[in-house]
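protein24.json, holding JSON, C-alpha atoms:
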[["chain", "number", "residue", "atom", "x", "y", "z"],
["A", 1384, "MET", "CA", -20.08, -13.57, -0.84],
["A", 1385, "SER", "CA", -16.65, -15.13, -1.27],
["A", 1386, "ASP", "CA", -13.77, -14.65, 1.09],
["A", 1387, "PRO", "CA", -10.70, -12.96, -0.49],
["A", 1388, "THR", "CA", -8.56, -15.70, 1.04],
["A", 1389, "ASP", "CA", -10.15, -18.16, -1.39],
["A", 1390, "SER", "CA", -7.54, -17.23, -3.98],
["A", 1391, "ILE", "CA", -4.69, -18.47, -1.83],
["A", 1392, "ASP", "CA", -3.02, -21.64, -3.12],
["A", 1393, "PRO", "CA", -4.46, -24.75, -1.45],
["A", 1394, "PHE", "CA", -2.37, -26.54, 1.11],
["A", 1395, "ASP", "CA", -0.56, -29.32, -0.71],
["A", 1396, "GLY", "CA", 0.34, -31.46, 2.26],
["A", 1397, "ALA", "CA", 4.09, -30.79, 2.10],
["A", 1398, "SER", "CA", 6.04, -29.18, 4.94],
["A", 1399, "VAL", "CA", 4.97, -25.52, 5.14],
["A", 1400, "PRO", "CA", 7.81, -22.98, 5.38],
["A", 1401, "ALA", "CA", 7.43, -20.28, 8.03],
["A", 1402, "HIS", "CA", 6.98, -17.21, 5.85],
["A", 1403, "THR", "CA", 4.34, -15.45, 3.75],
["A", 1404, "GLY", "CA", 5.87, -16.31, 0.36],
["A", 1405, "SER", "CA", 4.35, -18.62, -2.27],
["A", 1406, "ALA", "CA", 4.54, -19.33, -6.00],
["A", 1407, "LEU", "CA", 2.20, -16.36, -6.55],
["A", 1408, "THR", "CA", 4.43, -13.91, -4.66],
["A", 1409, "ARG", "CA", 7.57, -15.27, -6.38],
["A", 1410, "VAL", "CA", 6.06, -14.61, -9.83],
["A", 1411, "LEU", "CA", 4.81, -11.19, -8.74],
["A", 1412, "GLY", "CA", 8.14, -10.31, -7.13],
["A", 1413, "LEU", "CA", 10.26, -11.30, -10.12],
["A", 1414, "SER", "CA", 7.90, -9.47, -12.52],
["A", 1415, "ALA", "CA", 8.07, -6.40, -10.27],
["A", 1416, "LEU", "CA", 11.88, -6.45, -10.19],
["A", 1417, "ALA", "CA", 12.08, -6.71, -14.00],
["A", 1418, "ALA", "CA", 9.55, -3.88, -14.41],
["A", 1419, "LEU", "CA", 11.47, -1.72, -11.89],
["A", 1420, "VAL", "CA", 14.66, -2.05, -13.95],
["A", 1421, "VAL", "CA", 12.84, -1.03, -17.17],
["A", 1422, "TRP", "CA", 11.12, 1.80, -15.24],
["A", 1423, "ALA", "CA", 14.46, 3.16, -14.00],
["A", 1424, "LEU", "CA", 15.97, 2.96, -17.50],
["A", 1425, "TYR", "CA", 13.00, 4.71, -19.11],
["A", 1426, "GLY", "CA", 12.58, 7.23, -16.31],
["A", 1427, "LEU", "CA", 16.23, 8.17, -15.88],
["A", 1428, "VAL", "CA", 17.96, 7.38, -19.17],
["A", 1429, "TRP", "CA", 15.80, 6.72, -22.24],
["A", 1430, "SER", "CA", 13.11, 9.43, -21.89],
["A", 1431, "PRO", "CA", 14.02, 13.00, -22.86],
["A", 1432, "PRO", "CA", 13.96, 16.01, -20.52],
["A", 1433, "ASP", "CA", 10.79, 18.12, -20.61],
["A", 1434, "ARG", "CA", 10.84, 21.42, -22.54],
["A", 1435, "GLU", "CA", 9.74, 23.42, -19.47],
["A", 1436, "MET", "CA", 10.60, 21.27, -16.44],
["A", 1437, "GLY", "CA", 13.86, 19.84, -17.77],
["A", 1438, "ASP", "CA", 15.07, 16.73, -15.93],
["A", 1439, "LEU", "CA", 12.67, 17.40, -13.04],
["A", 1440, "VAL", "CA", 9.97, 15.67, -15.09],
["A", 1441, "ARG", "CA", 11.72, 12.42, -14.13],
["A", 1442, "LEU", "CA", 10.44, 12.87, -10.58],
["A", 1443, "LEU", "CA", 6.89, 12.69, -11.92],
["A", 1444, "TYR", "CA", 7.54, 9.16, -13.17],
["A", 1445, "VAL", "CA", 7.70, 8.23, -9.47],
["A", 1446, "HIS", "CA", 5.20, 10.74, -8.07],
["A", 1447, "VAL", "CA", 2.23, 9.97, -10.35],
["A", 1448, "PRO", "CA", 2.32, 6.14, -10.01],
["A", 1449, "VAL", "CA", 2.71, 6.25, -6.23],
["A", 1450, "ALA", "CA", -0.15, 8.78, -5.98],
["A", 1451, "ILE", "CA", -2.44, 6.44, -7.94],
["A", 1452, "LEU", "CA", -1.40, 3.53, -5.69],
["A", 1453, "PHE", "CA", -2.11, 5.74, -2.66],
["A", 1454, "TYR", "CA", -5.68, 6.08, -4.00],
["A", 1455, "ALA", "CA", -5.77, 2.31, -4.61],
["A", 1456, "GLY", "CA", -4.78, 1.53, -1.00],
["A", 1457, "ALA", "CA", -7.52, 3.80, 0.34],
["A", 1458, "GLY", "CA", -10.04, 2.34, -2.14],
["A", 1459, "ILE", "CA", -9.20, -1.24, -1.13],
["A", 1460, "ALA", "CA", -9.55, -0.31, 2.56],
["A", 1461, "THR", "CA", -12.99, 1.21, 1.93],
["A", 1462, "ALA", "CA", -14.30, -1.69, -0.19],
["A", 1463, "ALA", "CA", -12.97, -4.33, 2.23],
["A", 1464, "SER", "CA", -14.36, -2.40, 5.24],
["A", 1465, "LEU", "CA", -17.80, -2.32, 3.62],
["A", 1466, "LEU", "CA", -17.66, -6.05, 2.86],
["A", 1467, "TRP", "CA", -16.44, -6.83, 6.37],
["A", 1468, "LEU", "CA", -19.29, -4.82, 7.92],
["A", 1469, "ARG", "CA", -21.78, -6.76, 5.77],
["A", 1470, "GLY", "CA", -20.54, -10.29, 6.40],
["A", 1471, "ARG", "CA", -17.96, -10.09, 9.24],
["A", 1472, "THR", "CA", -15.67, -12.44, 7.25],
["A", 1473, "PRO", "CA", -12.16, -12.18, 8.81],
["A", 1474, "GLY", "CA", -10.48, -12.14, 5.38],
["A", 1475, "TRP", "CA", -12.06, -8.80, 4.46],
["A", 1476, "ASP", "CA", -10.82, -7.30, 7.72],
["A", 1477, "ALA", "CA", -7.29, -8.50, 6.92],
["A", 1478, "LEU", "CA", -7.55, -7.06, 3.40],
["A", 1479, "ALA", "CA", -8.79, -3.72, 4.77],
["A", 1480, "VAL", "CA", -5.83, -3.34, 7.12],
["A", 1481, "ALA", "CA", -3.42, -4.40, 4.35],
["A", 1482, "GLY", "CA", -4.87, -1.82, 1.95],
["A", 1483, "ALA", "CA", -4.81, 0.92, 4.58],
["A", 1484, "GLU", "CA", -1.20, 0.26, 5.58],
["A", 1485, "LEU", "CA", -0.06, 0.26, 1.96],
["A", 1486, "GLY", "CA", -2.06, 3.47, 1.51],
["A", 1487, "VAL", "CA", -0.06, 5.08, 4.33],
["A", 1488, "VAL", "CA", 3.27, 4.01, 2.77],
["A", 1489, "PHE", "CA", 2.37, 5.19, -0.74],
["A", 1490, "GLY", "CA", 0.73, 8.34, 0.67],
["A", 1491, "ALA", "CA", 3.95, 9.25, 2.49],
["A", 1492, "LEU", "CA", 5.83, 8.67, -0.75],
["A", 1493, "THR", "CA", 3.36, 10.83, -2.68],
["A", 1494, "LEU", "CA", 3.86, 13.70, -0.24],
["A", 1495, "LEU", "CA", 7.66, 13.20, -0.18],
["A", 1496, "THR", "CA", 8.16, 13.11, -3.96],
["A", 1497, "GLY", "CA", 5.67, 15.96, -4.46],
["A", 1498, "SER", "CA", 7.53, 18.14, -1.96],
["A", 1499, "ILE", "CA", 10.90, 17.36, -3.55],
["A", 1500, "TRP", "CA", 9.46, 18.29, -6.97],
["A", 1501, "GLY", "CA", 7.78, 21.41, -5.52],
["A", 1502, "LYS", "CA", 10.95, 22.98, -4.12],
["A", 1503, "PRO", "CA", 12.74, 23.67, -7.43],
["A", 1504, "THR", "CA", 9.45, 24.20, -9.32],
["A", 1505, "TRP", "CA", 7.34, 26.30, -6.91],
["A", 1506, "ASN", "CA", 10.25, 27.39, -4.71],
["A", 1507, "THR", "CA", 8.66, 25.75, -1.67],
["A", 1508, "PHE", "CA", 8.41, 22.24, -0.24],
["A", 1509, "TRP", "CA", 4.86, 22.85, 0.98],
["A", 1510, "THR", "CA", 1.93, 25.19, 0.43],
["A", 1511, "TRP", "CA", -1.66, 24.98, 1.71],
["A", 1512, "ASP", "CA", -2.98, 24.29, -1.76],
["A", 1513, "ALA", "CA", -6.26, 22.33, -2.15],
["A", 1514, "ARG", "CA", -4.60, 19.25, -3.70],
["A", 1515, "LEU", "CA", -1.73, 19.14, -1.21],
["A", 1516, "THR", "CA", -3.94, 19.76, 1.81],
["A", 1517, "SER", "CA", -6.56, 17.17, 0.82],
["A", 1518, "THR", "CA", -3.78, 14.63, 0.14],
["A", 1519, "ALA", "CA", -2.30, 15.26, 3.59],
["A", 1520, "LEU", "CA", -5.79, 14.93, 5.11],
["A", 1521, "LEU", "CA", -6.29, 11.55, 3.42],
["A", 1522, "GLU", "CA", -2.92, 10.40, 4.76],
["A", 1523, "VAL", "CA", -3.94, 11.48, 8.27],
["A", 1524, "LEU", "CA", -7.27, 9.62, 7.90],
["A", 1525, "LEU", "CA", -5.42, 6.43, 6.90],
["A", 1526, "ILE", "CA", -3.07, 6.76, 9.89],
["A", 1527, "GLY", "CA", -6.16, 7.37, 12.07],
["A", 1528, "TYR", "CA", -7.77, 4.22, 10.66],
["A", 1529, "LEU", "CA", -4.73, 2.15, 11.71],
["A", 1530, "ALA", "CA", -4.57, 3.90, 15.11],
["A", 1531, "VAL", "CA", -8.24, 3.10, 15.83],
["A", 1532, "ARG", "CA", -7.53, -0.56, 15.15],
["A", 1533, "ARG", "CA", -4.62, -0.55, 17.61],
["A", 1534, "VAL", "CA", -6.64, 1.05, 20.42],
["A", 1535, "ASP", "CA", -8.94, -1.99, 20.52],
["A", 1536, "PRO", "CA", -7.81, -4.83, 18.20],
["A", 1537, "SER", "CA", -10.88, -7.02, 18.89],
["A", 1538, "PRO", "CA", -13.27, -7.62, 15.95],
["A", 1539, "ALA", "CA", -16.20, -6.45, 18.09],
["A", 1540, "GLY", "CA", -14.59, -3.14, 18.99],
["A", 1541, "GLY", "CA", -11.67, -1.85, 16.99],
["A", 1542, "SER", "CA", -12.56, -3.52, 13.69],
["A", 1543, "VAL", "CA", -16.11, -2.13, 13.73],
["A", 1544, "ARG", "CA", -15.00, 1.42, 14.54],
["A", 1545, "ALA", "CA", -12.09, 1.26, 12.07],
["A", 1546, "SER", "CA", -14.36, -0.12, 9.33],
["A", 1547, "ILE", "CA", -16.80, 2.75, 9.79],
["A", 1548, "LEU", "CA", -13.85, 5.16, 9.49],
["A", 1549, "GLY", "CA", -12.69, 3.08, 6.50],
["A", 1550, "LEU", "CA", -15.91, 3.97, 4.67],
["A", 1551, "LEU", "CA", -14.79, 7.62, 4.64],
["A", 1552, "LEU", "CA", -11.48, 6.91, 2.89],
["A", 1553, "PHE", "CA", -12.56, 6.51, -0.73],
["A", 1554, "PRO", "CA", -14.91, 9.53, -0.71],
["A", 1555, "ASN", "CA", -11.80, 11.50, 0.30],
["A", 1556, "VAL", "CA", -9.93, 10.06, -2.68],
["A", 1557, "ILE", "CA", -12.59, 11.62, -4.91],
["A", 1558, "ILE", "CA", -12.11, 14.96, -3.15],
["A", 1559, "VAL", "CA", -8.31, 14.73, -3.58],
["A", 1560, "HIS", "CA", -8.61, 13.82, -7.25],
["A", 1561, "PHE", "CA", -11.08, 16.55, -8.19],
["A", 1562, "SER", "CA", -9.63, 19.21, -5.86],
["A", 1563, "VAL", "CA", -7.65, 20.68, -8.78],
["A", 1564, "ASP", "CA", -10.92, 21.19, -10.70],
["A", 1565, "TRP", "CA", -13.15, 22.29, -7.80],
["A", 1566, "TRP", "CA", -10.80, 24.88, -6.30],
["A", 1567, "ARG", "CA", -8.09, 27.18, -7.66],
["A", 1568, "SER", "CA", -4.94, 25.15, -7.32],
["A", 1569, "LEU", "CA", -1.23, 25.55, -7.87],
["A", 1570, "HIS", "CA", -1.09, 21.82, -8.66],
["A", 1571, "GLN", "CA", -1.47, 20.91, -12.33],
["A", 1572, "PRO", "CA", -4.76, 19.27, -13.43],
["A", 1573, "ALA", "CA", -5.08, 15.60, -14.42],
["A", 1574, "THR", "CA", -2.44, 14.50, -16.95],
["A", 1575, "VAL", "CA", -2.94, 10.79, -17.60],
["A", 1576, "THR", "CA", -6.35, 9.94, -16.13],
["A", 1577, "ARG", "CA", -8.10, 11.86, -18.91],
["A", 1578, "LEU", "CA", -9.04, 10.44, -22.31],
["A", 1579, "ASP", "CA", -6.51, 12.64, -24.16],
["A", 1580, "PRO", "CA", -3.30, 12.51, -22.04],
["A", 1581, "THR", "CA", -1.25, 15.71, -22.15],
["A", 1582, "ILE", "CA", 2.07, 13.88, -22.49],
["A", 1583, "GLU", "CA", 3.21, 11.58, -25.29],
["A", 1584, "GLY", "CA", 6.10, 9.58, -26.74],
["A", 1585, "ASP", "CA", 8.83, 8.21, -24.48],
["A", 1586, "MET", "CA", 7.61, 10.38, -21.59],
["A", 1587, "LEU", "CA", 4.19, 8.70, -21.70],
["A", 1588, "VAL", "CA", 5.86, 5.27, -21.98],
["A", 1589, "ALA", "CA", 8.07, 6.07, -18.96],
["A", 1590, "LEU", "CA", 4.97, 6.99, -16.96],
["A", 1591, "MET", "CA", 3.05, 3.89, -18.07],
["A", 1592, "VAL", "CA", 5.98, 1.58, -17.30],
["A", 1593, "GLY", "CA", 6.19, 3.29, -13.90],
["A", 1594, "MET", "CA", 2.52, 2.56, -13.29],
["A", 1595, "LEU", "CA", 2.93, -1.10, -14.29],
["A", 1596, "ALA", "CA", 6.03, -1.53, -12.10],
["A", 1597, "GLY", "CA", 4.34, 0.28, -9.21],
["A", 1598, "ALA", "CA", 1.21, -1.87, -9.57],
["A", 1599, "LEU", "CA", 3.29, -5.08, -9.48],
["A", 1600, "VAL", "CA", 5.18, -3.92, -6.38],
["A", 1601, "PHE", "CA", 1.88, -2.90, -4.77],
["A", 1602, "ALA", "CA", 0.27, -6.28, -5.55],
["A", 1603, "TRP", "CA", 3.31, -8.16, -4.17],
["A", 1604, "LEU", "CA", 3.23, -6.09, -0.97],
["A", 1605, "LEU", "CA", -0.55, -6.43, -0.65],
["A", 1606, "VAL", "CA", -0.43, -10.24, -0.79],
["A", 1607, "HIS", "CA", 2.34, -10.38, 1.83],
["A", 1608, "ARG", "CA", 0.66, -7.81, 4.09],
["A", 1609, "PHE", "CA", -2.69, -9.58, 3.78],
["A", 1610, "ARG", "CA", -1.06, -12.83, 4.92],
["A", 1611, "VAL", "CA", 0.62, -11.03, 7.84],
["A", 1612, "ALA", "CA", -2.80, -9.69, 8.90],
["A", 1613, "TRP", "CA", -4.25, -13.18, 8.56],
["A", 1614, "LEU", "CA", -1.47, -14.61, 10.74],
["A", 1615, "GLU", "CA", -2.08, -11.87, 13.33],
["A", 1616, "GLN", "CA", -5.72, -12.96, 13.54],
["A", 1617, "GLN", "CA", -4.71, -16.60, 14.00],
["A", 1618, "VAL", "CA", -2.09, -15.77, 16.66],
["A", 1619, "GLU", "CA", -4.63, -13.65, 18.53],
["A", 1620, "ARG", "CA", -7.14, -16.52, 18.42],
["A", 1621, "HIS", "CA", -4.60, -19.08, 19.64],
["A", 1622, "ASP", "CA", -3.41, -16.77, 22.44],
["A", 1623, "LEU", "CA", -7.02, -16.24, 23.54],
["A", 1624, "ASP", "CA", -7.74, -19.97, 23.47],
["A", 1625, "ALA", "CA", -4.55, -20.68, 25.45],
["A", 1626, "ALA", "CA", -5.43, -18.03, 28.05],
["A", 1627, "VAL", "CA", -8.98, -19.36, 28.47],
["A", 1628, "ALA", "CA", -7.70, -22.94, 28.73],
["A", 1629, "ALA", "CA", -5.23, -21.88, 31.42],
["A", 1630, "ARG", "CA", -7.99, -20.14, 33.41],
["A", 1631, "ARG", "CA", -10.23, -23.19, 33.05],
["A", 1632, "ALA", "CA", -7.42, -25.44, 34.26],
["A", 1633, "GLU", "CA", -6.95, -23.17, 37.29],
["A", 1634, "GLY", "CA", -10.64, -23.56, 38.09],
["A", 1635, "GLY", "CA", -10.57, -27.33, 37.60],
["A", 1636, "LEU", "CA", -12.74, -27.19, 34.45],
["A", 1637, "SER", "CA", -12.16, -29.00, 31.14],
["A", 1638, "PRO", "CA", -9.86, -26.92, 28.84],
["A", 1639, "SER", "CA", -11.28, -28.37, 25.63],
["A", 1640, "THR", "CA", -13.93, -25.75, 24.83],
["A", 1641, "SER", "CA", -12.73, -23.13, 22.30],
["A", 1642, "THR", "CA", -13.93, -19.57, 22.87],
["A", 1643, "SER", "CA", -12.77, -18.26, 19.51],
["A", 1644, "THR", "CA", -15.06, -16.00, 17.55],
["A", 1645, "SER", "CA", -13.10, -16.54, 14.36],
["A", 1646, "GLU", "CA", -13.00, -20.05, 12.92],
["A", 1647, "ALA", "CA", -12.40, -19.25, 9.26],
["A", 1648, "GLN", "CA", -9.57, -20.95, 7.37],
["A", 1649, "PRO", "CA", -7.44, -19.34, 4.65],
["A", 1650, "ALA", "CA", -8.13, -21.90, 1.95],
["B", 812, "MET", "CA", 29.67, 6.63, -16.28],
["B", 813, "SER", "CA", 27.53, 4.97, -13.57],
["B", 814, "THR", "CA", 23.78, 5.56, -13.31],
["B", 815, "ALA", "CA", 24.25, 7.55, -10.07],
["B", 816, "THR", "CA", 26.77, 9.85, -11.76],
["B", 817, "THR", "CA", 24.43, 10.25, -14.73],
["B", 818, "ILE", "CA", 21.57, 11.31, -12.43],
["B", 819, "LEU", "CA", 23.68, 13.74, -10.43],
["B", 820, "ALA", "CA", 25.00, 15.27, -13.66],
["B", 821, "MET", "CA", 21.46, 16.17, -14.74],
["B", 822, "SER", "CA", 19.97, 19.55, -13.93],
["B", 823, "ASP", "CA", 18.42, 19.29, -10.42],
["B", 824, "GLY", "CA", 20.21, 15.94, -10.00],
["B", 825, "GLY", "CA", 20.10, 16.22, -6.20],
["B", 826, "TYR", "CA", 16.30, 16.46, -6.21],
["B", 827, "LEU", "CA", 16.06, 13.54, -8.64],
["B", 828, "ALA", "CA", 18.35, 11.39, -6.52],
["B", 829, "ALA", "CA", 16.41, 12.29, -3.35],
["B", 830, "GLY", "CA", 13.05, 11.43, -4.95],
["B", 831, "TRP", "CA", 14.07, 8.14, -6.57],
["B", 832, "LEU", "CA", 16.25, 6.95, -3.67],
["B", 833, "GLY", "CA", 13.59, 8.00, -1.14],
["B", 834, "ALA", "CA", 11.05, 5.85, -2.98],
["B", 835, "ILE", "CA", 13.38, 2.85, -3.15],
["B", 836, "VAL", "CA", 14.41, 3.11, 0.51],
["B", 837, "LEU", "CA", 10.85, 3.61, 1.83],
["B", 838, "VAL", "CA", 9.22, 0.83, -0.20],
["B", 839, "GLY", "CA", 12.22, -1.49, 0.22],
["B", 840, "GLY", "CA", 12.29, -0.90, 3.98],
["B", 841, "TYR", "CA", 8.57, -1.52, 4.27],
["B", 842, "ALA", "CA", 8.87, -4.72, 2.21],
["B", 843, "LEU", "CA", 11.65, -6.06, 4.46],
["B", 844, "MET", "CA", 9.66, -5.16, 7.58],
["B", 845, "THR", "CA", 6.57, -6.96, 6.22],
["B", 846, "LEU", "CA", 8.55, -10.10, 5.31],
["B", 847, "ARG", "CA", 10.15, -10.12, 8.76],
["B", 848, "ARG", "CA", 6.76, -9.77, 10.49],
["B", 849, "GLY", "CA", 5.44, -12.62, 8.35],
["B", 850, "ARG", "CA", 8.33, -14.92, 9.30],
["B", 851, "LYS", "CA", 7.97, -14.11, 12.98],
["B", 852, "LEU", "CA", 4.20, -14.68, 13.05],
["B", 853, "SER", "CA", 4.36, -17.82, 10.87],
["B", 854, "ARG", "CA", 6.39, -19.61, 13.53],
["B", 855, "ARG", "CA", 3.57, -19.07, 16.04],
["B", 856, "VAL", "CA", 0.82, -20.52, 13.85],
["B", 857, "PRO", "CA", 0.24, -24.25, 13.11],
["B", 858, "GLU", "CA", 1.19, -25.29, 9.56],
["B", 859, "GLY", "CA", -2.41, -25.99, 8.57],
["B", 860, "GLU", "CA", -3.33, -22.32, 9.13],
["B", 861, "ARG", "CA", -0.78, -20.89, 6.67],
["B", 862, "ARG", "CA", -1.81, -22.73, 3.53],
["B", 863, "TRP", "CA", -0.43, -20.45, 0.83],
["B", 864, "SER", "CA", 2.88, -22.21, 0.18]]

Conversion result in structure tokens:
Amino acid sequence: MSDPTDSIDPFDGASVPAHTGSALTRVLGLSALAALVVWALYGLVWSPPDREMGDLVRLLYVHVPVAILFYAGAGIATAASLLWLRGRTPGWDALAVAGAELGVVFGALTLLTGSIWGKPTWNTFWTWDARLTSTALLEVLLIGYLAVRRVDPSPAGGSVRASILGLLLFPNVIIVHFSVDWWRSLHQPATVTRLDPTIEGDMLVALMVGMLAGALVFAWLLVHRFRVAWLEQQVERHDLDAAVAARRAEGGLSPSTSTSTSEAQPA
Amino acid sequence: MSTATTILAMSDGGYLAAGWLGAIVLVGGYALMTLRRGRKLSRRVPEGERRWS
């Protein structure tokens, strides 16, 4: 099993700047910015208003991509949790927390844009509909996942418990996605994830450009957040080593022995 | 006419502005926070352990 950190650019021997950026993130970031501009132009200017929804359809060019990325964040957290439980490789744990945190951000955005769209369309910001309720439940589960990690950040405690909770995230994505088919729902059924999408022309292009731009932003954020999680692991290890060395020095013992449980390197 | 004026002139322009600006502010804020955390943590880790540059 390979560590996800294997894809990180190898250390080239030059002075290393103190940040999480690299050539990869610069390419991703610039591509994301360009795609965001095209997305805004298509979503707000070039695409026509909908026959029934009017200009409100333009909110869906944000809502649908962020909802799919919300699913992606939860899916990444589940897959990485499973892989971490199998091999205890620190990189998978870092990827799981990165996916979960991005899931929380995009989940909040899904609920926010959905509520803003719901007010003029359904005349309410919120209703206890199956899709809305299951989406809110998934968001709460993701927040719970991050909270469990904070209670006990050690790999032996918090990471194990959080990873077990992480296994529940993707099954909930399936419930959220099919909730509109399984129960009577005010929310419209699938529009673009079916083989014959129910929108076309510039409106479909606007949505697809939105998904591409959203995916690029998500990937850029995921790489940065993964590296932050990696750095957190390294700082924790160094702090532990320093504390043990200090205690050993107090007791007159040699401080050279490392007590770290994590010795993996990012490249 | 600026883009903001164009949006607000649309039917339900206030909702559109709230949705699009909310997305930009939330994701942009989170991105800045993540970059800041990365910078702060990077200074506490030896160069050899942040090999992605």

Let me make sure I understand: among A:Pro1431, A:Leu1411, A:Val1447, A:Trp1467, which one has the smallest atom-to-atom distance to Met1591 (chain A) if we use only C-alpha atoms?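 Looking only at the distances to Met1591 (chain A), the closest residue turns out to be A:Val1447.
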
From the options A:Ala1483, A:Val1592, A:Ala1545, A:Met1436, which residue's atoms come nearest to chain B, counting all atoms listed in the file? A:Met1436

May I have a table of the residues of chain B lying at most 8 Å from chain A, giving each one's closest pair of atoms and their distance in Å to one decimal, counting all atoms listed in the file, ordered by chain and ascending residue number, as a tab-separated table?
residue	atom	partner	partner_atom	distance
B:Ile818	CA	A:Leu1427	CA	7.1
B:Met821	CA	A:Asp1438	CA	6.5
B:Ser822	CA	A:Asp1438	CA	6.0
B:Asp823	CA	A:Leu1439	CA	6.6
B:Gly824	CA	A:Asp1438	CA	7.9
B:Tyr826	CA	A:Ile1499	CA	6.1
B:Leu827	CA	A:Leu1442	CA	6.0
B:Ala829	CA	A:Ile1499	CA	7.5
B:Gly830	CA	A:Thr1496	CA	5.3
B:Trp831	CA	A:Val1445	CA	7.0
B:Gly833	CA	A:Leu1492	CA	7.8
B:Ala834	CA	A:Leu1492	CA	6.3
B:Leu837	CA	A:Leu1492	CA	7.6
B:Val838	CA	A:Val1488	CA	7.4
B:Tyr841	CA	A:Val1488	CA	7.8
B:Ala842	CA	A:Leu1604	CA	6.6
B:Thr845	CA	A:Arg1608	CA	6.3
B:Leu846	CA	A:Thr1403	CA	7.0
B:Arg848	CA	A:Val1611	CA	6.8
B:Gly849	CA	A:Val1611	CA	5.1
B:Arg850	CA	A:His1402	CA	4.4
B:Lys851	CA	A:His1402	CA	7.8
B:Leu852	CA	A:Leu1614	CA	6.1
B:Ser853	CA	A:Ala1401	CA	4.9
B:Arg854	CA	A:Ala1401	CA	5.6
B:Arg855	CA	A:Val1618	CA	6.6
B:Val856	CA	A:Val1618	CA	6.2
B:Glu858	CA	A:Val1399	CA	5.8
B:Gly859	CA	A:Phe1394	CA	7.5
B:Glu860	CA	A:Gln1648	CA	6.6
B:Arg861	CA	A:Pro1649	CA	7.1
B:Arg862	CA	A:Phe1394	CA	4.5
B:Trp863	CA	A:Asp1392	CA	4.9
B:Ser864	CA	A:Ser1405	CA	4.6

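The space separating CA of Pro1572 (chain A) from CA of Trp1509 (chain A) comes to 17.7 Å.
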
Hey, can you check how far CA of Trp1475 (chain A) sits from CA of Gly1597 (chain A)?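 CA of Gly1597 (chain A) lies at a distance of 23.2 Å from CA of Trp1475 (chain A).
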
For each of A:Ser1537, A:Thr1507, A:Pro1473, A:Trp1565, take the minimum atom-to-atom distance to Leu1623 (chain A), counting all atoms listed in the file, then give the residue where this is smallest. A:Ser1537

Between CA of Phe1508 (chain A) and CA of Ile1557 (chain A), measure the distance and give it in Å to one decimal. 24.0 Å

Residues within 9 Å of Leu1515 (chain A), only C-alpha atoms, excluding chain neighbours under 4 positions, as JSON, numbers by chain: {"A": [1494, 1497, 1509, 1510, 1511, 1519, 1520, 1559, 1570]}

Which residues are near Arg1469 (chain A)? Cut-off 12 Å, all atoms listed in the file, ignore same chain within fewer than 5 positions. Put them as a ChimeraX atom specification. /A:1384,1462-1464,1475-1476,1543,1546-1547

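The nearest approach to Tyr1454 (chain A) among the residues A:Val1487, A:Ala1626, A:Ala1596, A:Leu1416, with all atoms listed in the file taken into account, belongs to A:Val1487.
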